[in-house]
Structure formats: C-alpha cells, structure tokens
2 protein chains.
Amino acid sequence: MKTKSGMTQNSEDLRAIFHAKRLKCTPQRLAVLKVLKESRAYLSINMLDKKVKEMLPGTGLATVYRALETLEELGLVVKVHLEDGCHSYAVAPEGHMHPIVCTECSKVIDFAECPLGELSEKLTHDTGIEIQNHFLQLFGKCRDCRA
Amino acid sequence: MKTKSGMTQNSEDLRAIFHAKRLKCTPQRLAVLKVLKESRAYLSINMLDKKVKEMLPGTGLATVYRALETLEELGLVVKVHLEDGCHSYAVAPEGHMHPIVCTECSKVIDFAECPLGELSEKLTHDTGIEIQNHFLQLFGKCRDCRA
DNA sequence: CATACAATTGAGAATCTTTCTCAATTGCGA
DNA sequence: TCGCAATTGAGAAAGATTCTCAATTGTATG
C-alpha cells in the first residue's frame, strides 16, 4: 500500500517506472541501482563499476555509465559533486531533500528541511532573478566517525 | 582605505597575498585572475584558456590549470559545479556568499543571505552529525535574459 | 643593480574520465 | 514463440587533467 510513495520500490514498481518510458528493465540497470541502494553512500564510478562487476560479472564500464544516465533521467539516482570536484552517485532521496555527506566514510543522510523555498521567493523579488533550481549539500562528520 | 576589505584587491594587495605563501606573482596568474574578474561570469577551462591567451599570448593550458589551482588555494577563485556536471571557475566572492548562476548567460550574482548557519546547528543537534561545510548554488534566469 | 636560486612556465607526453561505435545479445509486446 | 527495437560489451576515440623536464623568470640578498 505504501510502496509507491515509501522508501523503496519493489521490483514491480521499478519495472513500471522503466516501462513507462519504454526503457528495458535490464539486469545491468537493476544491478547499478541495487549497489547504490545497498551501500547507502556516495559511490564513485570506479567503486560502482567494481561492485557491479561483483554482482553481475561481465558488466562493462560503458554500461555502468549508461545505466547511471538512465537512472538519473528516471529520477532514481542523483549525481553529486564532491568537494574535490569529482563526481559520485547516490540513490535519489524521496521528495525534496538534500544530502549530508560524511567526509570520513561517505555515508549519506538526507534531510528534508530545505531552507530555500522562501529564500528563493525573496531573492526573486529582490534581485529580479527568477530562481529555477538549487543545489545544496552539507558536509560533516557523522556520529560513528567522531568516535 | 577600503581596498583591503572591499570588492577588489589592487596589485599591491595581490602581491602581498602571493608573497605571504611564498608564491610568485607571475603575469600568467594575474592574467587568469583578471580574465575572471572582467568577465563577471563562470568560465569554463576552455573559455578561460582562450581569453588568457588573448591577454597574454603564449600562455599554456597547463599553466591555466596550475594558476587556477593556486588561486583557489589562495581563496581568490572558486571552482563551481554546473548542472550538467562540468566544472567552471569564478572569482571568489567576499565573505560568506553563494552564487546565483543565470542558466542563459552564465552571469553570476552573489548573495549573502545564507540560510545555513542556524540550520547547521539544528541539524548537528538533531542528527548528531557535526556539520563542517556546505555547498550551495542557485540557478535561475536573470532579468536581462527574461526579456 | 647584479646574482643565484627556487619557483614557475611551455610543450608535449601520459594518464585519467567519459563517450562513441558497432556487431551481438536480449527484453518484451504481439 | 517470434521479431524488433533497445541494450550491451569491448575497444576505439575523444576530452579533460596531470605530469615531466628543460628553459625561463620572479625575488631575496648582497
């Protein structure tokens, strides 16, 4: 009952998401998503590639790239920018949320209290710029890593 | 009188900034900074390279990369992440500010009303994560580009 | 102002990272 | 089950970034 809006999609939900856009539900795409879901952290392309190959041997690097692109278009995965300028990927949070990334262990905690709704309106009014989008990430050290 | 804390450093200020870290004040580094200051917009490496070569013919691409790295360390320049995942560079704003990037013309407007100070404290308290840093950018369409 | 030295530079090679190509394979609708 | 369009693997290609090294150039020092 709650699957469609809840934390995780089951395989049927996923299948529907793919088919709605005439995309195939392939083991490679599922593997990439599964790896990200299981890790609960940002993963670089190389780490992803490594873990996907463990889960589904033979998967090519190009396929990992392509799967990420597809999953991003479907809103299932987000690309993130790390402080050093590199890219990584994570499962997309539900609803409008922003991630807190632990700088030690790369774990991700999403938070929903986005302070930008009202600020955007104010800025649009003050500056004449029509705010369309924003990108926000926090970096910190999680409880475990502080011990 | 206000140069040291105001909008722009004059050449003497700059010289001091370099020398404080035993770095040379070279025409190449100055050119990269000048191009960024004059453009008032995010510039990709290639655009920077092009404009720097116009200002100081013979400057190599590697030097542009190295200058950006140095200027970033000095806090004079910031690396930014665009929506498509590419990197660009801009002059660092004074104080704690965040940029609004016009998605049409790449112009940058900095704003100072960072809503994250109090939110960070709240999150640290609620989640146990010690927030160290954050990254925030807004995207929108500026007045000129809406006409 | 001349000198010496360490930092910096230019050019191209080397090393990633990401995309593209194309034949072979595989989901999936009919 | 069949046929077709979408997808994949592998490697080539393209792009982005860093490295190497000899030559050059700021700058502190005298």
# chains A, B, ... in the order shown; residues from 1 in each chain; ligands from 1
$ residues_around --residues "stretch 4-15 of chain C" --least-positions-apart "5" --cutoff "9 Å" --atoms "only C-alpha atoms (C1' of nucleotides)" --output "PyMOL selection string"
(chain B and resi 22-24+26+28+58-63) or (chain D and resi 17-20+23-26)
$ calpha_fit_and_write --fixed "chain B" --moving "chain A" --output "PDB file with C-alpha atoms, in the first residue's frame"
ATOM      1  CA  MET A   1      41.570  52.533   3.034  1.00  0.00           C
ATOM      2  CA  LYS A   2      38.911  50.099   2.118  1.00  0.00           C
ATOM      3  CA  THR A   3      40.833  48.154  -0.454  1.00  0.00           C
ATOM      4  CA  LYS A   4      41.803  45.333   1.813  1.00  0.00           C
ATOM      5  CA  SER A   5      38.270  44.406   2.720  1.00  0.00           C
ATOM      6  CA  GLY A   6      36.447  45.864  -0.231  1.00  0.00           C
ATOM      7  CA  MET A   7      35.402  44.538  -3.584  1.00  0.00           C
ATOM      8  CA  THR A   8      38.726  44.347  -5.338  1.00  0.00           C
ATOM      9  CA  GLN A   9      42.348  43.982  -4.517  1.00  0.00           C
ATOM     10  CA  ASN A  10      44.740  46.344  -6.200  1.00  0.00           C
ATOM     11  CA  SER A  11      48.006  45.013  -7.530  1.00  0.00           C
ATOM     12  CA  GLU A  12      49.837  45.677  -4.272  1.00  0.00           C
ATOM     13  CA  ASP A  13      47.287  43.736  -2.269  1.00  0.00           C
ATOM     14  CA  LEU A  14      47.569  40.891  -4.696  1.00  0.00           C
ATOM     15  CA  ARG A  15      51.312  40.916  -4.564  1.00  0.00           C
ATOM     16  CA  ALA A  16      51.128  40.701  -0.797  1.00  0.00           C
ATOM     17  CA  ILE A  17      48.696  37.794  -0.941  1.00  0.00           C
ATOM     18  CA  PHE A  18      51.059  35.859  -3.147  1.00  0.00           C
ATOM     19  CA  HIS A  19      54.173  36.688  -1.188  1.00  0.00           C
ATOM     20  CA  ALA A  20      52.570  35.739   2.109  1.00  0.00           C
ATOM     21  CA  LYS A  21      52.648  32.169   0.891  1.00  0.00           C
ATOM     22  CA  ARG A  22      55.955  32.422  -0.912  1.00  0.00           C
ATOM     23  CA  LEU A  23      54.273  32.283  -4.266  1.00  0.00           C
ATOM     24  CA  LYS A  24      55.401  34.294  -7.210  1.00  0.00           C
ATOM     25  CA  CYS A  25      53.252  37.018  -8.638  1.00  0.00           C
ATOM     26  CA  THR A  26      53.472  36.004 -12.259  1.00  0.00           C
ATOM     27  CA  PRO A  27      51.800  37.555 -15.286  1.00  0.00           C
ATOM     28  CA  GLN A  28      50.103  34.242 -16.046  1.00  0.00           C
ATOM     29  CA  ARG A  29      48.456  34.053 -12.652  1.00  0.00           C
ATOM     30  CA  LEU A  30      47.419  37.660 -12.832  1.00  0.00           C
ATOM     31  CA  ALA A  31      46.014  37.144 -16.301  1.00  0.00           C
ATOM     32  CA  VAL A  32      43.833  34.236 -15.218  1.00  0.00           C
ATOM     33  CA  LEU A  33      42.468  36.259 -12.338  1.00  0.00           C
ATOM     34  CA  LYS A  34      41.945  39.305 -14.525  1.00  0.00           C
ATOM     35  CA  VAL A  35      40.013  37.358 -17.118  1.00  0.00           C
ATOM     36  CA  LEU A  36      37.717  36.006 -14.437  1.00  0.00           C
ATOM     37  CA  LYS A  37      37.237  39.412 -12.858  1.00  0.00           C
ATOM     38  CA  GLU A  38      36.423  41.052 -16.142  1.00  0.00           C
ATOM     39  CA  SER A  39      33.959  38.449 -17.256  1.00  0.00           C
ATOM     40  CA  ARG A  40      31.798  38.520 -14.140  1.00  0.00           C
ATOM     41  CA  ALA A  41      30.606  35.054 -15.075  1.00  0.00           C
ATOM     42  CA  TYR A  42      31.568  31.466 -14.667  1.00  0.00           C
ATOM     43  CA  LEU A  43      34.091  30.405 -17.224  1.00  0.00           C
ATOM     44  CA  SER A  44      34.950  26.918 -18.299  1.00  0.00           C
ATOM     45  CA  ILE A  45      38.566  25.904 -18.595  1.00  0.00           C
ATOM     46  CA  ASN A  46      38.451  26.164 -22.353  1.00  0.00           C
ATOM     47  CA  MET A  47      36.940  29.624 -22.352  1.00  0.00           C
ATOM     48  CA  LEU A  48      39.464  30.709 -19.759  1.00  0.00           C
ATOM     49  CA  ASP A  49      42.293  29.273 -21.778  1.00  0.00           C
ATOM     50  CA  LYS A  50      41.081  31.106 -24.857  1.00  0.00           C
ATOM     51  CA  LYS A  51      40.737  34.468 -23.104  1.00  0.00           C
ATOM     52  CA  VAL A  52      44.003  34.129 -21.238  1.00  0.00           C
ATOM     53  CA  LYS A  53      45.813  33.428 -24.494  1.00  0.00           C
ATOM     54  CA  GLU A  54      44.286  36.586 -25.943  1.00  0.00           C
ATOM     55  CA  MET A  55      45.504  38.610 -22.992  1.00  0.00           C
ATOM     56  CA  LEU A  56      48.875  36.921 -22.700  1.00  0.00           C
ATOM     57  CA  PRO A  57      49.772  35.011 -25.854  1.00  0.00           C
ATOM     58  CA  GLY A  58      51.831  31.898 -25.361  1.00  0.00           C
ATOM     59  CA  THR A  59      50.302  30.923 -22.064  1.00  0.00           C
ATOM     60  CA  GLY A  60      49.973  27.171 -21.883  1.00  0.00           C
ATOM     61  CA  LEU A  61      46.883  25.237 -20.907  1.00  0.00           C
ATOM     62  CA  ALA A  62      48.725  23.474 -18.106  1.00  0.00           C
ATOM     63  CA  THR A  63      49.618  26.859 -16.691  1.00  0.00           C
ATOM     64  CA  VAL A  64      45.971  27.865 -16.674  1.00  0.00           C
ATOM     65  CA  TYR A  65      45.163  24.753 -14.681  1.00  0.00           C
ATOM     66  CA  ARG A  66      48.024  25.417 -12.315  1.00  0.00           C
ATOM     67  CA  ALA A  67      47.091  29.060 -11.886  1.00  0.00           C
ATOM     68  CA  LEU A  68      43.519  28.113 -11.049  1.00  0.00           C
ATOM     69  CA  GLU A  69      44.710  25.651  -8.462  1.00  0.00           C
ATOM     70  CA  THR A  70      46.919  28.268  -6.879  1.00  0.00           C
ATOM     71  CA  LEU A  71      44.270  30.968  -6.974  1.00  0.00           C
ATOM     72  CA  GLU A  72      41.801  28.587  -5.394  1.00  0.00           C
ATOM     73  CA  GLU A  73      44.204  27.837  -2.571  1.00  0.00           C
ATOM     74  CA  LEU A  74      44.607  31.551  -2.022  1.00  0.00           C
ATOM     75  CA  GLY A  75      40.853  31.932  -1.829  1.00  0.00           C
ATOM     76  CA  LEU A  76      40.757  34.264  -4.807  1.00  0.00           C
ATOM     77  CA  VAL A  77      38.862  31.902  -7.075  1.00  0.00           C
ATOM     78  CA  VAL A  78      36.220  29.241  -6.544  1.00  0.00           C
ATOM     79  CA  LYS A  79      35.520  26.118  -8.493  1.00  0.00           C
ATOM     80  CA  VAL A  80      31.869  25.649  -9.272  1.00  0.00           C
ATOM     81  CA  HIS A  81      29.794  22.728 -10.387  1.00  0.00           C
ATOM     82  CA  LEU A  82      27.336  23.304 -13.168  1.00  0.00           C
ATOM     83  CA  GLU A  83      24.120  21.389 -13.597  1.00  0.00           C
ATOM     84  CA  ASP A  84      25.509  19.205 -16.331  1.00  0.00           C
ATOM     85  CA  GLY A  85      28.349  18.096 -14.107  1.00  0.00           C
ATOM     86  CA  CYS A  86      31.079  20.202 -15.668  1.00  0.00           C
ATOM     87  CA  HIS A  87      33.414  22.444 -13.752  1.00  0.00           C
ATOM     88  CA  SER A  88      33.881  26.117 -14.169  1.00  0.00           C
ATOM     89  CA  TYR A  89      35.585  28.869 -12.267  1.00  0.00           C
ATOM     90  CA  ALA A  90      34.696  32.282 -10.925  1.00  0.00           C
ATOM     91  CA  VAL A  91      36.255  34.959  -8.738  1.00  0.00           C
ATOM     92  CA  ALA A  92      35.619  34.184  -5.108  1.00  0.00           C
ATOM     93  CA  PRO A  93      33.021  36.427  -3.519  1.00  0.00           C
ATOM     94  CA  GLU A  94      33.964  38.448  -0.459  1.00  0.00           C
ATOM     95  CA  GLY A  95      32.892  36.922   2.825  1.00  0.00           C
ATOM     96  CA  HIS A  96      30.419  34.090   3.045  1.00  0.00           C
ATOM     97  CA  MET A  97      28.263  34.255  -0.051  1.00  0.00           C
ATOM     98  CA  HIS A  98      26.651  31.991  -2.549  1.00  0.00           C
ATOM     99  CA  PRO A  99      26.257  32.469  -6.270  1.00  0.00           C
ATOM    100  CA  ILE A 100      23.177  32.655  -8.383  1.00  0.00           C
ATOM    101  CA  VAL A 101      24.065  31.549 -11.877  1.00  0.00           C
ATOM    102  CA  CYS A 102      22.021  32.661 -14.831  1.00  0.00           C
ATOM    103  CA  THR A 103      21.362  29.560 -16.873  1.00  0.00           C
ATOM    104  CA  GLU A 104      21.178  31.640 -20.053  1.00  0.00           C
ATOM    105  CA  CYS A 105      24.205  33.888 -19.956  1.00  0.00           C
ATOM    106  CA  SER A 106      26.296  32.367 -17.123  1.00  0.00           C
ATOM    107  CA  LYS A 107      26.384  35.667 -15.328  1.00  0.00           C
ATOM    108  CA  VAL A 108      26.927  35.411 -11.595  1.00  0.00           C
ATOM    109  CA  ILE A 109      25.243  37.327  -8.822  1.00  0.00           C
ATOM    110  CA  ASP A 110      26.395  36.635  -5.296  1.00  0.00           C
ATOM    111  CA  PHE A 111      24.040  36.756  -2.372  1.00  0.00           C
ATOM    112  CA  ALA A 112      24.907  36.902   1.273  1.00  0.00           C
ATOM    113  CA  GLU A 113      21.781  35.634   2.958  1.00  0.00           C
ATOM    114  CA  CYS A 114      23.008  32.164   3.700  1.00  0.00           C
ATOM    115  CA  PRO A 115      20.283  30.264   5.471  1.00  0.00           C
ATOM    116  CA  LEU A 116      22.564  27.505   6.642  1.00  0.00           C
ATOM    117  CA  GLY A 117      24.090  28.817   9.818  1.00  0.00           C
ATOM    118  CA  GLU A 118      21.190  28.068  12.093  1.00  0.00           C
ATOM    119  CA  LEU A 119      20.099  25.077  10.063  1.00  0.00           C
ATOM    120  CA  SER A 120      23.528  23.536  10.498  1.00  0.00           C
ATOM    121  CA  GLU A 121      23.331  23.882  14.239  1.00  0.00           C
ATOM    122  CA  LYS A 122      19.891  22.363  14.296  1.00  0.00           C
ATOM    123  CA  LEU A 123      20.999  19.458  12.143  1.00  0.00           C
ATOM    124  CA  THR A 124      24.073  18.853  14.240  1.00  0.00           C
ATOM    125  CA  HIS A 125      21.834  18.707  17.273  1.00  0.00           C
ATOM    126  CA  ASP A 126      19.133  16.560  15.665  1.00  0.00           C
ATOM    127  CA  THR A 127      21.219  14.108  13.717  1.00  0.00           C
ATOM    128  CA  GLY A 128      24.489  13.997  15.601  1.00  0.00           C
ATOM    129  CA  ILE A 129      26.369  14.913  12.469  1.00  0.00           C
ATOM    130  CA  GLU A 130      28.891  17.621  12.917  1.00  0.00           C
ATOM    131  CA  ILE A 131      28.356  19.904   9.938  1.00  0.00           C
ATOM    132  CA  GLN A 132      31.652  21.217   8.666  1.00  0.00           C
ATOM    133  CA  ASN A 133      30.899  22.794   5.379  1.00  0.00           C
ATOM    134  CA  HIS A 134      28.247  23.305   2.780  1.00  0.00           C
ATOM    135  CA  PHE A 135      27.906  23.916  -0.885  1.00  0.00           C
ATOM    136  CA  LEU A 136      25.051  25.980  -2.241  1.00  0.00           C
ATOM    137  CA  GLN A 137      24.311  27.406  -5.638  1.00  0.00           C
ATOM    138  CA  LEU A 138      21.135  28.760  -7.142  1.00  0.00           C
ATOM    139  CA  PHE A 139      20.230  28.656 -10.781  1.00  0.00           C
ATOM    140  CA  GLY A 140      17.835  31.021 -12.473  1.00  0.00           C
ATOM    141  CA  LYS A 141      17.225  33.449 -15.262  1.00  0.00           C
ATOM    142  CA  CYS A 142      18.414  36.996 -14.800  1.00  0.00           C
ATOM    143  CA  ARG A 143      16.445  40.097 -15.633  1.00  0.00           C
ATOM    144  CA  ASP A 144      18.240  40.716 -18.901  1.00  0.00           C
ATOM    145  CA  CYS A 145      17.720  37.204 -20.145  1.00  0.00           C
ATOM    146  CA  ARG A 146      14.043  37.243 -19.363  1.00  0.00           C
ATOM    147  CA  ALA A 147      13.422  40.116 -21.755  1.00  0.00           C
TER     148      ALA A 147
END
$ closest_residue --among "C:DA30, C:DT18, C:DA23, C:DT3" --to "chain A" --atoms "only C-alpha atoms (C1' of nucleotides)"
C:DT18
$ atom_distance --atom1 "atom C1' of D:DT1" --atom2 "atom C1' of C:DG27"
13.9 Å
$ interface_residues --of "chain D" --to "chain A" --cutoff "8 Å" --atoms "only C-alpha atoms (C1' of nucleotides)" --output "tab-separated table (two decimals) with N, CA and C atoms (P, O5', C5', C4', C3', O3' and C1' of nucleotides), in the first residue's frame"
chain	number	residue	atom	x	y	z
D	6	DA	P	13.90	1.73	-29.98
D	6	DA	O5'	14.56	1.05	-28.69
D	6	DA	C5'	13.71	0.43	-27.73
D	6	DA	C4'	14.58	-0.26	-26.70
D	6	DA	C3'	15.68	0.61	-26.11
D	6	DA	O3'	15.74	0.32	-24.73
D	6	DA	C1'	16.65	-1.29	-27.13
D	7	DT	P	16.80	1.00	-23.81
D	7	DT	O5'	17.98	-0.07	-23.78
D	7	DT	C5'	17.68	-1.38	-23.31
D	7	DT	C4'	18.94	-2.22	-23.33
D	7	DT	C3'	20.17	-1.56	-22.71
D	7	DT	O3'	20.60	-2.37	-21.64
D	7	DT	C1'	20.69	-2.59	-24.78
D	8	DT	P	21.90	-1.97	-20.80
D	8	DT	O5'	22.99	-2.94	-21.43
D	8	DT	C5'	22.72	-4.34	-21.51
D	8	DT	C4'	23.88	-5.03	-22.20
D	8	DT	C3'	25.25	-4.61	-21.68
D	8	DT	O3'	25.95	-5.76	-21.22
D	8	DT	C1'	25.15	-4.46	-24.06
D	9	DG	P	27.26	-5.60	-20.34
D	9	DG	O5'	28.39	-5.94	-21.41
D	9	DG	C5'	28.36	-7.18	-22.08
D	9	DG	C4'	29.58	-7.30	-22.98
D	9	DG	C3'	30.91	-6.89	-22.35
D	9	DG	O3'	31.89	-7.79	-22.84
D	9	DG	C1'	30.42	-5.46	-24.21
D	10	DA	P	33.34	-7.83	-22.24
D	10	DA	O5'	34.19	-7.10	-23.37
D	10	DA	C5'	34.03	-7.54	-24.72
D	10	DA	C4'	34.83	-6.63	-25.62
D	10	DA	C3'	36.06	-6.03	-24.93
D	10	DA	O3'	37.22	-6.35	-25.68
D	10	DA	C1'	34.71	-4.33	-25.93
$ closest_atom_pairs --of "chain C" --to "chain A" --cutoff "10 Å" --atoms "only C-alpha atoms (C1' of nucleotides)" --output "JSON lines"
{"residue": "C:DT17", "atom": "C1'", "partner": "A:Ile45", "partner_atom": "CA", "distance": 9.6}
{"residue": "C:DT18", "atom": "C1'", "partner": "A:Tyr65", "partner_atom": "CA", "distance": 8.2}
{"residue": "C:DT19", "atom": "C1'", "partner": "A:Ala62", "partner_atom": "CA", "distance": 8.4}
{"residue": "C:DC20", "atom": "C1'", "partner": "A:Ala62", "partner_atom": "CA", "distance": 9.9}
{"residue": "C:DT26", "atom": "C1'", "partner": "A:Thr26", "partner_atom": "CA", "distance": 8.9}
{"residue": "C:DG27", "atom": "C1'", "partner": "A:Lys24", "partner_atom": "CA", "distance": 6.3}
{"residue": "C:DC28", "atom": "C1'", "partner": "A:Lys24", "partner_atom": "CA", "distance": 8.2}
$ write_last_selection --atoms "N, CA and C atoms (P, O5', C5', C4', C3', O3' and C1' of nucleotides)" --output "mmCIF file, in the first residue's frame"
data_model
loop_
_atom_site.group_PDB
_atom_site.id
_atom_site.type_symbol
_atom_site.label_atom_id
_atom_site.label_comp_id
_atom_site.auth_asym_id
_atom_site.auth_seq_id
_atom_site.Cartn_x
_atom_site.Cartn_y
_atom_site.Cartn_z
ATOM 1 P P DT C 17 39.928 8.317 -13.125
ATOM 2 O "O5'" DT C 17 38.947 9.014 -14.177
ATOM 3 C "C5'" DT C 17 38.941 10.423 -14.284
ATOM 4 C "C4'" DT C 17 37.939 10.856 -15.320
ATOM 5 C "C3'" DT C 17 36.601 10.105 -15.263
ATOM 6 O "O3'" DT C 17 35.579 11.085 -15.284
ATOM 7 C "C1'" DT C 17 37.486 10.049 -17.458
ATOM 8 P P DT C 18 34.045 10.647 -15.173
ATOM 9 O "O5'" DT C 18 33.589 10.598 -16.696
ATOM 10 C "C5'" DT C 18 33.680 11.782 -17.447
ATOM 11 C "C4'" DT C 18 33.319 11.497 -18.886
ATOM 12 C "C3'" DT C 18 31.994 10.758 -19.067
ATOM 13 O "O3'" DT C 18 31.141 11.619 -19.804
ATOM 14 C "C1'" DT C 18 33.698 9.837 -20.437
ATOM 15 P P DT C 19 29.792 11.123 -20.451
ATOM 16 O "O5'" DT C 19 30.209 10.731 -21.943
ATOM 17 C "C5'" DT C 19 30.730 11.728 -22.786
ATOM 18 C "C4'" DT C 19 31.009 11.126 -24.143
ATOM 19 C "C3'" DT C 19 29.779 10.533 -24.837
ATOM 20 O "O3'" DT C 19 29.770 11.079 -26.147
ATOM 21 C "C1'" DT C 19 31.563 8.980 -24.847
ATOM 22 P P DC C 20 28.564 10.746 -27.139
ATOM 23 O "O5'" DC C 20 29.255 9.741 -28.168
ATOM 24 C "C5'" DC C 20 30.566 10.031 -28.601
ATOM 25 C "C4'" DC C 20 31.065 8.928 -29.529
ATOM 26 C "C3'" DC C 20 29.984 8.306 -30.404
ATOM 27 O "O3'" DC C 20 30.509 8.205 -31.711
ATOM 28 C "C1'" DC C 20 31.097 6.616 -29.155
ATOM 29 P P DT C 26 22.253 -12.829 -24.330
ATOM 30 O "O5'" DT C 26 21.041 -11.792 -24.174
ATOM 31 C "C5'" DT C 26 21.310 -10.503 -23.689
ATOM 32 C "C4'" DT C 26 19.991 -9.774 -23.520
ATOM 33 C "C3'" DT C 26 18.861 -10.689 -23.068
ATOM 34 O "O3'" DT C 26 17.991 -9.926 -22.294
ATOM 35 C "C1'" DT C 26 18.264 -9.692 -25.074
ATOM 36 P P DG C 27 17.458 -10.365 -20.944
ATOM 37 O "O5'" DG C 27 16.744 -9.024 -20.509
ATOM 38 C "C5'" DG C 27 15.414 -9.042 -20.548
ATOM 39 C "C4'" DG C 27 14.877 -7.728 -21.051
ATOM 40 C "C3'" DG C 27 13.396 -7.755 -20.788
ATOM 41 O "O3'" DG C 27 12.945 -6.458 -20.544
ATOM 42 C "C1'" DG C 27 13.814 -7.832 -23.137
ATOM 43 P P DC C 28 11.601 -6.317 -19.796
ATOM 44 O "O5'" DC C 28 10.555 -6.364 -20.991
ATOM 45 C "C5'" DC C 28 10.714 -5.450 -22.053
ATOM 46 C "C4'" DC C 28 9.666 -5.676 -23.107
ATOM 47 C "C3'" DC C 28 8.345 -6.261 -22.571
ATOM 48 O "O3'" DC C 28 7.311 -5.718 -23.353
ATOM 49 C "C1'" DC C 28 9.172 -7.658 -24.210
#
$ select_by_dssp --residues "chain A" --states "strand (DSSP E or B)" --output "PyMOL selection string"
chain A and resi 41+43+77-81+87-91+98-102+107-111+130-141
$ select_by_dssp --residues "chain A" --states "alpha helix (DSSP H)" --output "PyMOL selection string"
chain A and resi 11-20+27-39+45-55+61-73+116-127+143-146
$ write_last_selection --atoms "C-alpha atoms" --output "compact mmCIF listing (two decimals), in the first residue's frame"
# COMPACT_ATOMS: atom_id res chain seq x y z
CA SER A 11 10.70 -4.91 -8.43
CA GLU A 12 7.22 -4.40 -9.86
CA ASP A 13 7.32 -0.68 -9.18
CA LEU A 14 10.69 -0.48 -10.81
CA ARG A 15 9.54 -2.41 -13.81
CA ALA A 16 6.66 0.00 -14.20
CA ILE A 17 8.97 3.01 -13.94
CA PHE A 18 11.11 1.67 -16.73
CA HIS A 19 8.25 0.63 -18.96
CA ALA A 20 6.52 3.99 -18.59
CA PRO A 27 19.82 -6.82 -15.01
CA GLN A 28 22.63 -4.31 -15.51
CA ARG A 29 20.44 -1.35 -14.67
CA LEU A 30 18.99 -3.13 -11.70
CA ALA A 31 22.44 -4.07 -10.50
CA VAL A 32 23.68 -0.49 -10.58
CA LEU A 33 20.67 0.65 -8.61
CA LYS A 34 20.99 -2.22 -6.16
CA VAL A 35 24.63 -1.49 -5.48
CA LEU A 36 23.80 2.12 -4.72
CA LYS A 37 20.88 1.19 -2.51
CA GLU A 38 22.89 -1.30 -0.53
CA SER A 39 25.83 0.97 0.03
CA ILE A 45 32.21 5.49 -10.89
CA ASN A 46 35.14 3.21 -10.23
CA MET A 47 33.74 1.88 -6.99
CA LEU A 48 30.39 1.37 -8.66
CA ASP A 49 32.00 -0.41 -11.55
CA LYS A 50 33.85 -2.69 -9.16
CA LYS A 51 30.78 -3.56 -7.10
CA VAL A 52 28.55 -4.01 -10.12
CA LYS A 53 31.05 -6.43 -11.63
CA GLU A 54 30.99 -8.40 -8.39
CA MET A 55 27.22 -8.59 -8.50
CA LEU A 61 32.15 0.14 -17.69
CA ALA A 62 30.30 1.88 -20.51
CA THR A 63 27.15 0.13 -19.39
CA VAL A 64 27.60 1.46 -15.88
CA TYR A 65 27.84 4.97 -17.28
CA ARG A 66 24.80 4.41 -19.44
CA ALA A 67 22.81 2.90 -16.60
CA LEU A 68 23.60 5.87 -14.38
CA GLU A 69 22.48 8.26 -17.06
CA THR A 70 19.23 6.39 -17.47
CA LEU A 71 18.62 6.07 -13.75
CA GLU A 72 19.26 9.77 -13.34
CA GLU A 73 16.72 10.60 -16.02
CA LEU A 116 15.37 27.65 0.13
CA GLY A 117 11.71 27.87 -0.67
CA GLU A 118 11.05 31.19 0.97
CA LEU A 119 14.56 32.44 0.31
CA SER A 120 14.07 31.82 -3.39
CA GLU A 121 10.93 33.88 -3.44
CA LYS A 122 12.61 36.68 -1.58
CA LEU A 123 15.57 36.64 -3.94
CA THR A 124 13.35 36.59 -6.99
CA HIS A 125 11.59 39.63 -5.61
CA ASP A 126 14.75 41.46 -4.53
CA THR A 127 17.03 40.73 -7.44
CA ARG A 143 28.45 10.21 14.87
CA ASP A 144 30.27 6.97 14.15
CA CYS A 145 33.25 8.70 12.64
CA ARG A 146 33.61 11.08 15.52
$ atom_distance --atom1 "atom C1' of D:DA12" --atom2 "atom C1' of C:DT21"
8.0 Å
$ atom_distance --atom1 "atom C1' of D:DA22" --atom2 "atom C1' of C:DC1"
28.2 Å
